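Reviewing the structure listed below.
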Amino acid sequence: MSAAAETMPVPDVALDVANVDVAYRVRGRDRLVLRDVSFHIARGESYGLVGESGSGKSTMALALMRYLPRNGRVRSGAITIDGRDALALGRSDLRRLRAETVSMVYQEPGRALNPSIRVGRQMAEVFEIAGLDRGAAMERSQAMLDKVRIADPAAVMRRYPHQLSGGMLQRVVIAMALASEPSLLVLDEPTTALDATVEAEVLDLVAALRDEFSTSVLFISHNLGVIARMCDRVGVLYAGELVEEGAAAEVFAEPRHPYTVGLLRCIPRRGRRKDHGRLDTIPGFLPQPGHTAEGCIFAPRCALADDRCRTESPPPYAVGPGRTSRCHHHEQAPDLPRETPVDLQAPVVREAGAPVVSLRGVSKTFAYYGERVRGLVDVDLDINPGETLGLVGESGSGKTTLARVLLGLTEPDPGSEVALAGVAVAGDARGRTRAQVKALQIVFQNPDSALNRRHSVRRLVGRALHRLAGLDGEALQARLLELIRSVRMEERHLALRPTQLSGGLKQRVAIARAFAGNPEVVVCDEPTSALDVSVQAAILNLLVDLQSREGVTYLFISHDLGVVRYLSDRIAVLYLGRIMELGTAETVFAGPHHPYTEALLSAVPSIDGTHRERIRLEG
Amino acid sequence: GANSSSSASSGGAPGKPGGTIKAGIITPSGAIDPVTVLDQGGLDMLAQTGEYLCLANSKSQLVPVLAESWSANPAANVWTFKIRQGVKFHNGQPLTADDVVYTYKLQSDPKGKSNALSAFNGIIVPSGVEKVDDFTVAFHLTAPDANFPYVCSSENYNMIILPNNYDSSKWEGSFIGTGPFKLKSYTAKVGASFVRNEAYWGKKALPDATEFTFYDAQQPQILALEAGTIDVVGQFSVQGGQALLNNPKVTVISVRSSAHRELSMRNDQAPFTDPRVRQAVALTLARPDIVQGLFQGKAELGNDSPFAPVFASTDSSVPQRAQDLTKAKQLLQAAGHGSGFSTHLFTETTQEMPAFAQIVKSSAAKIGVDIALTIESPDQYYSKDWLSGIMSMVDYGHRSVPNLFLQAPLQSKGTWNAAHFKNSQYDTLSAQYIAALDLQSQRTVAGKIQNLLLEQTPVIYAYFYNYLAASASNVSGVEPTGIGHLFLFNASKA
Amino acid sequence: MSAANPPVEAAGALDAGVGQVRRELLHQLLHSKTFVIGAVIVIFWALCALLGSALAPHDPLGQNLLATNQRPSGAHWFGTDQLGRDVFSRVIAGARSILIVAPLATLIGTVLGTALGLAMGYLSGWTDTVASRIVEAVLALPVVIIAFLFVVALGPSPRTLTIVIGFVFTPLIARTVRSAVLSERELDYIAAARLRGERSPYIMFAEILPNVLQPILVEFTVRVGYAIFAVATLSFLGFGIQPPTADWGADISVNYAEITAGFWWETLFPALAIASLVVAVNLIADSISGVLEG
Amino acid sequence: MALYIAKRVGYALITLWILSLIVFFAGQVLPGDPARSILGQLAPQSAINALDHQLGVDRPLLTQYWDWITGFVHGDMGNSYQFRAPVEPYISAALQHSLKLAAVAFVIVVPISILGGVVAALNVGRAPDRIITVLGLSASTVPEFVSGIVVIIVFGIWLDVLPISASWSPGASIPDQVYHLILPSIPLVLILFGYIARMARAGTVEALDSDYARTAVLKGLPRGVVIRRHVLRNSLVPTVTVIATQTGYLIGGLVIVETLFNYQGIGLLIYKAAQEKDFPMLEAGVLSIGIVYMVATLIADFVYSMLNPRIRFGASE
Ligand SMILES: Nc1ncnc2c1ncn2[C@@H]1O[C@H](COP(=O)(O)OP(=O)(O)OP(=O)(O)O)[C@@H](O)[C@H]1O
Ligand SMILES: Nc1ncnc2c1ncn2[C@@H]1O[C@H](COP(=O)(O)OP(=O)(O)OP(=O)(O)O)[C@@H](O)[C@H]1O
Ligand SMILES: [Mg+2]
Ligand SMILES: [Mg+2]
């Protein structure tokens with residue numbers, strides 16, 4: 001690298017993307033998913049690309065690696081990496097580019113490594129390409145693993161990928177990516193699949209290594225907090241267009257595109273709670289991929305849009321030093337009118353009365369390949385009528401298991417006691433009375449899995465009304481309509497199937513179904529984590545509305561502390577199947593804490609850039 | 001293919017000795033035990049090393065083998081056989097009357113499991129077998145039988161002579177006998193090989209050795225012959241054997257025989273209770289066409305009686321039945337079935353029988369008789385439909401005399417009477433035929449029977465087909481018999 | 001929540017409607033060359049099966065013992081067989097039994113296999129363990145032996161063939177369905193159904209079944225091809241329709257021995273007919289699975 | 001791992017036991033009785049009864065089953081009715097034959113079809129893929145009796161280069177035996193080709209689309225290395241299991257091929273046994289096929305788990 005620098009003029013940019021259009025060929029037609037995208041990354045700079053799911057982030061990354069899927073194609077534009085025209089490279093040059101100049105890390109570390117080759121061998125390949133012999137390559141690999149702070153690298157090198165945890169794997173992948181000391185590192189959602197605490201460690205690592213290797217970074221994420229923490233500059237991608245660009249701190253502090261503005265308002269931040277009023281939302285939907293509307297792509301969802309917006313495509317207006325915004329009305333953007341009124345009747349917790357649900361000494365042990373896995377350990381928990389109990393904890397801590405035990409979907413170990421309104425109930429839903437079954441319902445994390453994709457909305461909700469509310473005929477139809485309206489859907493949706501609905505609508509159907517039998521307790525198991533933030537806000541608003549009207553009790557599970565804090569009256573922290581901490585939202589967030597809670601809280605990156613000092617947990 | 005009748009091969013110039021002749025035959029269906037063998041593969045094996053008292057040759061004449069001569073008393077109920085002297089078993093033990101007596105007592109024991117019992121049934125029991133002296137055996141029959149020597153011939157293929165007290169179930173291990181070949185090796189399901197018996201009492205075998213390969217089907221044998229893997233195909237049928245008939249590099253050995261198919265109609269079930277109906281069906285068959293179409297001419301016309309042209313006793317002056325659809329329709333009309341009727345024919349998947357059944361079906365259709373066919377494996381056919389089907393067709397192998405054909409399938413008390421034919425006149429005539437001692441009186445009775453059966457037509461006999469074997473054209477002296485033996489002792493390769 | 005409060009997500013359907021999806025799939029199928037070729041061949045044979053002897057120039061059963069084994073000629077395009085029957089007419093008429101038996105048998109196997117697979121996959125536990133062992137055991141039995149036992153018990157007929165093939169396919173299809181159900185039963189809509197107090201049969205047939213129909217459909221189309229193969233083979237062994245009815249497998253079996261005599265046409269044309277039908281069915285199966293899965 | 005294998009073996013044993021029940025009781029549907037089939041249609045009933053008694057087939061079914069299965073477990077497969085001799089030598093000879101034919105067929109078909117599948121996968125959607133897919137499809141759908149007769153005529157008779165009968169003379173050398181098995185294996189190769197190639201193609205396409213293949217490419221590894229080291233290693237492992245499931249067919253399902261080439265394999269042996277109502281032979285034969293099939297699947301499972309570290313090292317994190 002340094003040798004090259006002496007002989008060649010030092011290119012001031014590591015990556016230059018100019019007016020790139022990318023299309024996928026679907027059923028014989030080109031579907032444009034990136035249009036006219038331009039940005040550059042300076043040497044040593046870290047550039048963030050944010051955008052909701054489907055906006056084209058990964059496509060961008062793959063396009064510059066020249067690894068688009070078979071049906072994908074860069075239609076026009078130029079991509080220059082380290083001074084070389086990436087789109088014009090021949091096969092061997094391309095290989096050299098990948099081997100020496102760019103590296104990429106992506107979302108699922110578990111799948112990025114070959115399951116049947118030892119980790120060390122896979123790492124060593126990188127050095128072997130660079131010309132080292134096997135022994136030397138292994139040595140260098142070990143050194144590299146050391147750099148990514150893996151304890152006992154020699155042992156790790158002998159392992160197979162499945163024997164490593166997600167965080168370890170992602171470190172290995174990052175080590176592999178940095179091994180060739182590339183000038184550009186592309187990270188596509190590198191921490192999305194990881195737990196908050198692990199995510200924080202990996203992010204720290206990336207930041208440290210970036211300094212050490214002085215590599216430019218393209219950091220892709222849908223998580224604004226992560227981008228804010230990691231990036232110098234940021235580009236906001238909406239439906240394949242780069243709508244706003246600028247220094248990260250500025251963009252987040254003072255957005256100049258209505259989309260960015262709306263997006264930031266959707267997020268419960270700065271300790272916001274439901275009694276502070278509704279979250280704002282963005283109306284409408286992301287356009288269909290490959291849309292070909294005239295004018296500004298955001299116009300159909302924009303409160304500022306006028307006729308000009310609908311006919312004339314906005315150019316990237318310069319809105320400050322190094323800042324652009326593709327909005328004709330970028331000046332008014334910060335004053336975008338609210339979509340949803342703030343006023344919100346906060347639900348009342350009925351302080352009086354016995355708990356609706358109480359768990360006593362609940363444990364659950366799974367047998368897994370002959371090993372015993374402790375999902376829950378001796379959990380005692382009361383849920384009060386009308387309250388929202390937030391349940392947080394890292395992945396695998398037993399949140400879902402707790403919910404399933406409560407619902408009777410997983411039978412707890414003998415000796416566990418689940419009581420509903422003071423009456424002990426059977427461990428298996430089949431052994432419970434109809435009233436007991438009816439009283440406990442759930443909204444699952446993933447509506448695609450929770451809704452039978454072959455049934456219409458009418459059937460999905462109607463069947464629940466029939467079974468749980470005992471309704472039939474006219475009465476059923478009337479109540480169905482009422483219910484579907486109460487989740488703010490319309491009659492015409494009844495005939496549709498889940499595949500025809502957006503993620504948000506699907507989750508509404510699931511909510512309607514959960515409320516069909518007037519349940520007393522609704523368990524919400526990460527109901528918004530599969531959704532984009534703009535949709536999440538609407539769902540959270542809906543849940544609050546329903547609660548204040550129906551007086552229902554929520555057990556709200558989430559790993560997103562902002563969301564939990566927004567919604568919950570009390571919070572329980574689960575760690576390795578045990579409840580570590582239980583208290584009102586304020587006390588839990590204010591401390592003093594159990595060390596695990598502290599680690600969890602400190603791990604969360606925030607958009608506002610106010611970090612707690614990171615707490616590391618050992619073991 | 002080049003044709004040779006069996007006389008051509010036996011009468012031809014003697015071949016030169018030496019060499020190995022390779023033959024393909026059908027796989028024996030079970031253990032090679034002289035007592036239980038009941039199939040062609042098995043009998044072929046028995047006769048490679050074993051010998052009979054006498055041999056029914058390809059012209060249905062008896063030739064002395066282990067018996068030098070035989071004679072009957074005037075009542076034809078005591079037969080005396082002179083045993084050949086100087087014959088030795090393969091283990092060196094000399095042949096005596098004891099061996100013959102042992103063999104005959106063993107095979108005629110009604111409590112035993114002998115396959116030969118059916119032939120001995122009602123003729124001889126073990127106590128009737130008597131050793132007169134060391135080289136003379138007398139058979140005291142339970143009823144007179146002018147054709148008894150045939151029962152002692154190769155015709156009754158189980159009757160190879162075993163050493164005294166030999167356990168027949170061990171035979172597969174030794175193949176012990178007196179014949180011109182000795183066993184070299186035998187592998188069940190695969191094949192057997194034999195070498196010349198240098199101590200043979202008669203003319204020594206020409207080949208140094210023979211090798212038999214077993215085949216489960218005809219087709220691979222034909223392919224093997226064409227490819228030169230084997231020299232001889234022990235038996236083949238015209239069905240599937242056209243390749244041999246048309247191949248100039250193959251000699252087809254054709255032996256006239258009395259093998260045939262019996263197409264029975266239930267005489268006791270309507271509409272076949274009326275002889276006119278039975279005649280009508282018989283009249284629909286274009287027999288010369290069938291002989292041509294199914295056998296390429298390698299068969300003789302049947303005249304609806306078991307008297308095959310090959311039998312010396314057959315009265316050839318009885319007119320041959322021919323296709324006559326007009327008459328058939330008239331007969332049906334007269335019987336009250338002018339518009340035809342529907343019926344059912346059961347038969348087995350053996351050789352040309354399915355094809356013949358289809359011909360019967362389409363011939364009968366011409367007079368409005370609609371026949372449904374069920375064609376099943378022999379096992380199923382025999383265990384279910386043989387004697388009960390309203391129409392059923394069964395196969396009969398070659399015999400040198402018609403006695404068997406005249407009894408069980410046709411006599412009122414006959415055990416294989418699939419036609420359920422009960423006719424006292426026939427019973428008397430057939431008994432007379434069997435008791436008749438000389439050819440002339442046999443022929444007289446035969447004529448009567450033939451006419452009676454033509455009139456009654458309980459069973460349709462449409463053809464008697466030749467026994468066919470084949471050899472590569474450079475191989476001569478292969479001698480099959482109508483019943484299925486394959487003798488290779490005179491064979492030689494040019 | 002009042003009417004004044006408009007739905008947040010105003011727009012309606014994201015994806016195409018069900019009808020439209022079907023239309024698109026059909027469109028895609030009709031534009032796939034392999035599907036069209038396959039369909040044309042199958043339709044041709046289906047017409048032959050339907051109309052049978054009406055399409056044939058000669059009576060498929062009409063014998064001529066004096067003109068047996070004639071080479072192909074103007075009068076007999078495919079020659080005549082050993083009973084002097086017109087091979088072309090027999091090939092046309094022979095489509096019937098195979099085109100009835102193969103799909104019917106596959107259907108039976110699919111229906112039974114689906115029911116069994118659903119039960120194994122959903123009920124799991126002992127039901128699954130025991131049924132899986134039985135399925136494995138049946139699969140270890142040679143098909144010819146199974147067929148033979150059935151033929152012995154029921155007699156040779158197209159009905160027997162249908163039962164045999166249906167029987168043999170049941171465990172195979174059950175295995176496919178089972179594995180589809182296994183991944184399906186982990187989905188939350190099953191848990192949701194249990195939380196409504198639904199009974200197992202409802203969950204199996206009303207909830208899971210519609211979701212595994214796609215792999216079942218693919219399996220069905222692929223299996224039809226195997227069924228044709230199987231029907232031909234078992235007819236060849238004489239287990240199927242009885243003579244003189246024209247049937248490809250049976251006709252090959254009675255005539256193939258004569259190939260060596262140079263009478264190739266009696267075997268070749270029915271063989272080509274079988275091959276064309278199986279290949280056509282496979283082309284269709286291939287394009288259907290391509291469209292559904294790809 | 002040990003647990004995994006033990007469980008597999010246990011399952012296989014249970015399956016075999018069920019198989020034994022199925023054959024034993026299904027065999028009872030065969031009409032007529034064994035003695036009749038040994039002694040022929042013409043034998044007197046007294047002889048039939050005597051033989052039935054001697055064979056023991058007049059005992060209660062459960063007793064017969066128990067005696068048979070306990071004998072089998074102790075290595076005594078019983079006596080053949082047809083041959084009135086122990087079944088064991090027949091079965092083992094036929095099984096050896098079948099295994100030899102299967103081995104030759106495998107040796108030919110596995111490399112060709114894997115190569116075909118991989119080539120097709122590397123050219124997904126393009127001409128080579130279409131050609132291989134359609135050819136494979138067509139080849140595997142031609143019934144054995146058609147392809148068998150064609151190869152016999154072409155190679156055995158017209159060209160006269162290969163023996164058309166699979167039976168070799170006693171004491172033939174291994175190469176000679178293989179030489180005899182080439183023609184009979186062709187119909188099997190044709191049938192298996194499409195099947196295995198399809199599996200190999202699907203596995204390879206999946207592996208090519210995987211994240212780890214992408215990682216390998218983006219490392220800058222040459223294409224050949226990516227395919228050899230990263231793709232094939234993972235894509236061919238499932239193919240191994242699939243191949244094993246074909247042994248049942250290859251060992252027991254070749255009645256037609258064995259007839260055509262006059263080869264004394266176990267398929268033909270048991271088919272004949274069924275026809276002759278030779279129960280002990282039928283049962284022992286079917287069970288032997290079952291054992292071979294189970295062993296093959298077990299080996300495949302074992303290979304699979306050896307090649308798949310996820311199973312080899314348990315699931316411990
Ligand atoms: N191979 C493909 N063929 C057709 N369309 C595709 C293909 N890959 C992606 N798309 C579409 O292109 C659009 C952009 O996809 P991309 O994966 O780049 O989005 P993303 O921003 O990375 O989303 P996510 O946050 O979900 O990862 C989406 O609408 C997607 O459906
Ligand atoms: N059916 C099962 N069999 C074996 N182990 C299980 C099973 N279900 C859960 N576990 C184990 O129990 C533990 C708790 O799982 P659970 O799904 O409750 O975690 P969670 O907190 O919901 O995690 P996440 O945030 O990933 O949803 C995990 O270690 C998991 O592997
Ligand atoms: Mg992405
Ligand atoms: Mg969970």
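FYI, nothing fancy with the structure tokens labels: chains A, B, ... in order, residues from 1 per chain, ligands from 1 as they appear.
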
Problem set entry | Sel. of alpha helix (DSSP H) residues, range 93-313 of chain D, as a count of residues only | 167

For this session: Write out as JSON, numbers by chain every residue belonging to chain C that has an atom at most 7 Å from any atom of chain D, counting only C-alpha atoms.
Result: {"C": [133, 134, 136, 137, 138, 140, 141, 142, 143, 144, 145, 149, 152, 153, 229, 233, 271, 275, 278, 279]}

For this session: Skip Val118 in chain D itself and residues of its chain fewer than 4 positions away, then list as JSON, numbers by chain all residues within 8 Å of it, counting only C-alpha atoms.
Result: {"D": [114, 122, 197, 200, 201, 204]}

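When the distance limit is 7 Å and only C-alpha atoms are what count, the residues near range 184-200 of chain A, minus those fewer than 6 positions from it on the same chain, are Ala14, Ser58, Ala61, Thr101, Val102, Ser103, Met104, Val105, Tyr106, Gln107, Glu108, Gly166, Gly167, Thr215, Ser216, Val217, Leu218, Phe219, Ile220, Ser221, Glu394, Ser395, Ala599, Leu600, Ala603 and Val604 of chain A.
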
For this session: Using backbone DSSP assignments, extract all strand (DSSP E or B) residues from range 35-268 of chain A; output them as a ChimeraX atom specification.
Result: /A:35-42,46-50,72-81,84-85,102-105,184-188,216-221,233-238,241-247

Using only C-alpha atoms and all ligand atoms, determine which residues fall within 6 Å of ligand 1, then list them as a tab-separated table (two decimals) with N, CA, C and O atoms, in the first residue's frame.
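New file selection_27.tsv:
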```tsv
chain	number	residue	atom	x	y	z
A	24	TYR	N	-32.69	-4.81	-11.05
A	24	TYR	CA	-32.82	-6.27	-11.05
A	24	TYR	C	-33.79	-6.65	-12.14
A	24	TYR	O	-34.81	-6.01	-12.33
A	26	VAL	N	-36.60	-8.80	-13.24
A	26	VAL	CA	-37.60	-9.68	-12.64
A	26	VAL	C	-38.67	-9.97	-13.68
A	26	VAL	O	-39.25	-9.05	-14.24
A	33	VAL	N	-33.75	-0.38	-8.62
A	33	VAL	CA	-33.79	-0.28	-7.17
A	33	VAL	C	-32.81	0.75	-6.62
A	33	VAL	O	-32.89	1.10	-5.46
A	52	GLU	N	-34.60	2.43	5.34
A	52	GLU	CA	-35.45	1.35	5.80
A	52	GLU	C	-35.23	0.12	4.94
A	52	GLU	O	-34.59	0.18	3.88
A	53	SER	N	-35.78	-0.96	5.40
A	53	SER	CA	-35.63	-2.21	4.68
A	53	SER	C	-36.12	-2.07	3.24
A	53	SER	O	-37.17	-1.47	3.00
A	54	GLY	N	-35.36	-2.60	2.33
A	54	GLY	CA	-35.75	-2.55	0.92
A	54	GLY	C	-35.35	-1.28	0.22
A	54	GLY	O	-35.63	-1.09	-0.97
A	55	SER	N	-34.66	-0.37	0.93
A	55	SER	CA	-34.32	0.89	0.28
A	55	SER	C	-33.12	0.74	-0.66
A	55	SER	O	-32.84	1.64	-1.44
A	56	GLY	N	-32.43	-0.37	-0.60
A	56	GLY	CA	-31.36	-0.60	-1.56
A	56	GLY	C	-29.96	-0.53	-0.97
A	56	GLY	O	-28.98	-0.47	-1.72
A	57	LYS	N	-29.85	-0.61	0.32
A	57	LYS	CA	-28.54	-0.50	0.96
A	57	LYS	C	-27.61	-1.65	0.56
A	57	LYS	O	-26.47	-1.42	0.13
A	58	SER	N	-28.13	-2.85	0.72
A	58	SER	CA	-27.29	-4.00	0.39
A	58	SER	C	-26.96	-4.00	-1.09
A	58	SER	O	-25.85	-4.39	-1.49
A	59	THR	N	-27.91	-3.62	-1.89
A	59	THR	CA	-27.68	-3.58	-3.32
A	59	THR	C	-26.50	-2.66	-3.63
A	59	THR	O	-25.63	-2.99	-4.45
A	69	PRO	N	-26.49	-10.07	-7.39
A	69	PRO	CA	-27.10	-11.34	-7.79
A	69	PRO	C	-27.15	-11.46	-9.32
A	69	PRO	O	-27.07	-10.45	-10.02
A	71	ASN	N	-29.34	-11.66	-11.44
A	71	ASN	CA	-30.27	-10.85	-12.22
A	71	ASN	C	-30.06	-9.35	-12.01
A	71	ASN	O	-30.81	-8.54	-12.51
A	289	PRO	N	-40.95	-1.61	-5.19
A	289	PRO	CA	-39.64	-1.59	-5.85
A	289	PRO	C	-39.82	-1.42	-7.35
A	289	PRO	O	-40.72	-2.01	-7.93
```

Problem set entry | Residues of chain B within 9 Å of chain C, counting only C-alpha atoms, as number ranges by chain | B: 218-220, 222-223, 226, 239-247, 289-290, 292-294, 349, 354-355, 357-359, 361-362, 373-377, 380

Problem set entry | Env. residues ligand 2 / 10 Å / only C-alpha atoms and all ligand atoms / as number ranges by chain | A: 193-195, 364-369, 371-376, 391-405, 410, 445, 525-526, 557-559, 574-577; C: 186

Exercise. Which residues, written as a list in words, have at least one atom at most 10 Å from Asn234 in chain D, with only C-alpha atoms counted and residues fewer than 5 positions away on the same chain left out?
Worked result: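 The residues that qualify are Asn114, Pro115, Ser116 and Ile117 of chain A; Gly203, Thr204, Glu206, Ala207, Leu208, Ile227, Arg228, Arg229, Thr239, Leu307 and Asn308 of chain D.
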
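Distance annotation: of C:Thr176, C:Thr34, C:Asn282, C:Ser73, the residue with the minimal separation from Gly113 in chain C is C:Thr176; atom set is only C-alpha atoms.
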
Exercise. Near chain B, which residues of chain D fall within 6 Å when you count only C-alpha atoms, and what do they look like as a PyMOL selection string?
Worked result: chain D and resi 47+82-83+260+262

For this session: Skip Arg430 in chain A itself and residues of its chain fewer than 2 positions away, then list as a list in words all residues within 10 Å of it, counting only C-alpha atoms.
Result: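 Residues near the query, excluding close chain neighbours: Gly408, Leu409, Ala426, Gly427, Asp428, Arg432, Thr433, Arg434 and Val437 of chain A; Arg194, Leu195, Arg196, Gly197, Glu198 and Arg199 of chain C.
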
Could you give me, as a PDB file with N, CA and C atoms, in the first residue's frame, the residues within 10 Å of Val233 in chain B, counting only C-alpha atoms and dropping anything in the same chain fewer than 4 positions from it?
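Here's the written file part_34.pdb:
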```pdb
ATOM      1  N   LYS B  22     -21.486 -75.835 -25.095  1.00  0.00           N
ATOM      2  CA  LYS B  22     -22.133 -75.000 -24.086  1.00  0.00           C
ATOM      3  C   LYS B  22     -23.601 -74.843 -24.425  1.00  0.00           C
ATOM      4  N   ALA B  23     -24.424 -75.160 -23.439  1.00  0.00           N
ATOM      5  CA  ALA B  23     -25.861 -75.095 -23.687  1.00  0.00           C
ATOM      6  C   ALA B  23     -26.526 -74.167 -22.694  1.00  0.00           C
ATOM      7  N   GLY B  24     -27.580 -73.549 -23.149  1.00  0.00           N
ATOM      8  CA  GLY B  24     -28.389 -72.748 -22.244  1.00  0.00           C
ATOM      9  C   GLY B  24     -29.721 -73.439 -22.058  1.00  0.00           C
ATOM     10  N   ILE B  25     -30.140 -73.578 -20.825  1.00  0.00           N
ATOM     11  CA  ILE B  25     -31.465 -74.152 -20.578  1.00  0.00           C
ATOM     12  C   ILE B  25     -32.172 -73.310 -19.536  1.00  0.00           C
ATOM     13  N   ILE B  26     -33.433 -73.586 -19.382  1.00  0.00           N
ATOM     14  CA  ILE B  26     -34.219 -72.856 -18.393  1.00  0.00           C
ATOM     15  C   ILE B  26     -33.772 -73.257 -16.980  1.00  0.00           C
ATOM     16  N   PHE B 212     -23.577 -76.238 -18.931  1.00  0.00           N
ATOM     17  CA  PHE B 212     -24.954 -75.738 -18.987  1.00  0.00           C
ATOM     18  C   PHE B 212     -25.037 -74.427 -18.214  1.00  0.00           C
ATOM     19  N   THR B 213     -25.647 -73.443 -18.845  1.00  0.00           N
ATOM     20  CA  THR B 213     -25.924 -72.199 -18.141  1.00  0.00           C
ATOM     21  C   THR B 213     -27.437 -72.099 -17.996  1.00  0.00           C
ATOM     22  N   GLN B 218     -36.362 -66.956 -21.958  1.00  0.00           N
ATOM     23  CA  GLN B 218     -35.901 -67.410 -23.254  1.00  0.00           C
ATOM     24  C   GLN B 218     -35.016 -66.370 -23.937  1.00  0.00           C
ATOM     25  N   GLN B 221     -31.295 -66.314 -23.543  1.00  0.00           N
ATOM     26  CA  GLN B 221     -30.675 -67.486 -24.174  1.00  0.00           C
ATOM     27  C   GLN B 221     -30.473 -67.242 -25.653  1.00  0.00           C
ATOM     28  N   ILE B 222     -31.505 -66.661 -26.255  1.00  0.00           N
ATOM     29  CA  ILE B 222     -31.407 -66.399 -27.689  1.00  0.00           C
ATOM     30  C   ILE B 222     -30.286 -65.410 -27.962  1.00  0.00           C
ATOM     31  N   ALA B 224     -27.751 -64.906 -26.121  1.00  0.00           N
ATOM     32  CA  ALA B 224     -26.474 -65.547 -25.832  1.00  0.00           C
ATOM     33  C   ALA B 224     -26.050 -66.429 -27.001  1.00  0.00           C
ATOM     34  N   LEU B 225     -27.005 -67.111 -27.615  1.00  0.00           N
ATOM     35  CA  LEU B 225     -26.672 -67.958 -28.765  1.00  0.00           C
ATOM     36  C   LEU B 225     -26.189 -67.084 -29.917  1.00  0.00           C
ATOM     37  N   LEU B 244     -34.306 -66.774 -34.022  1.00  0.00           N
ATOM     38  CA  LEU B 244     -33.588 -67.994 -34.350  1.00  0.00           C
ATOM     39  C   LEU B 244     -34.077 -68.576 -35.666  1.00  0.00           C
ATOM     40  N   VAL B 252     -32.054 -74.809 -36.458  1.00  0.00           N
ATOM     41  CA  VAL B 252     -33.207 -75.056 -35.615  1.00  0.00           C
ATOM     42  C   VAL B 252     -33.525 -76.548 -35.652  1.00  0.00           C
ATOM     43  N   ILE B 253     -33.619 -77.140 -34.505  1.00  0.00           N
ATOM     44  CA  ILE B 253     -33.926 -78.563 -34.434  1.00  0.00           C
ATOM     45  C   ILE B 253     -35.384 -78.691 -34.037  1.00  0.00           C
ATOM     46  N   LEU B 468     -38.923 -77.315 -30.203  1.00  0.00           N
ATOM     47  CA  LEU B 468     -37.857 -76.630 -30.922  1.00  0.00           C
ATOM     48  C   LEU B 468     -36.642 -76.439 -30.039  1.00  0.00           C
ATOM     49  N   ALA B 469     -35.501 -76.778 -30.581  1.00  0.00           N
ATOM     50  CA  ALA B 469     -34.241 -76.444 -29.928  1.00  0.00           C
ATOM     51  C   ALA B 469     -33.384 -75.804 -31.004  1.00  0.00           C
ATOM     52  N   ALA B 470     -32.297 -75.189 -30.617  1.00  0.00           N
ATOM     53  CA  ALA B 470     -31.476 -74.538 -31.628  1.00  0.00           C
ATOM     54  C   ALA B 470     -30.020 -74.694 -31.266  1.00  0.00           C
ATOM     55  N   SER B 471     -29.203 -74.727 -32.289  1.00  0.00           N
ATOM     56  CA  SER B 471     -27.769 -74.737 -32.021  1.00  0.00           C
ATOM     57  C   SER B 471     -27.103 -73.817 -33.034  1.00  0.00           C
ATOM     58  N   ALA B 472     -25.919 -73.421 -32.709  1.00  0.00           N
ATOM     59  CA  ALA B 472     -25.149 -72.663 -33.686  1.00  0.00           C
ATOM     60  C   ALA B 472     -24.952 -73.571 -34.886  1.00  0.00           C
ATOM     61  N   VAL B 478     -26.958 -82.452 -31.829  1.00  0.00           N
ATOM     62  CA  VAL B 478     -27.740 -82.123 -30.640  1.00  0.00           C
ATOM     63  C   VAL B 478     -29.071 -82.857 -30.731  1.00  0.00           C
ATOM     64  N   LEU B 486     -32.357 -82.891 -23.347  1.00  0.00           N
ATOM     65  CA  LEU B 486     -31.392 -82.355 -24.297  1.00  0.00           C
ATOM     66  C   LEU B 486     -30.149 -83.233 -24.207  1.00  0.00           C
TER      67      LEU B 486
END
```
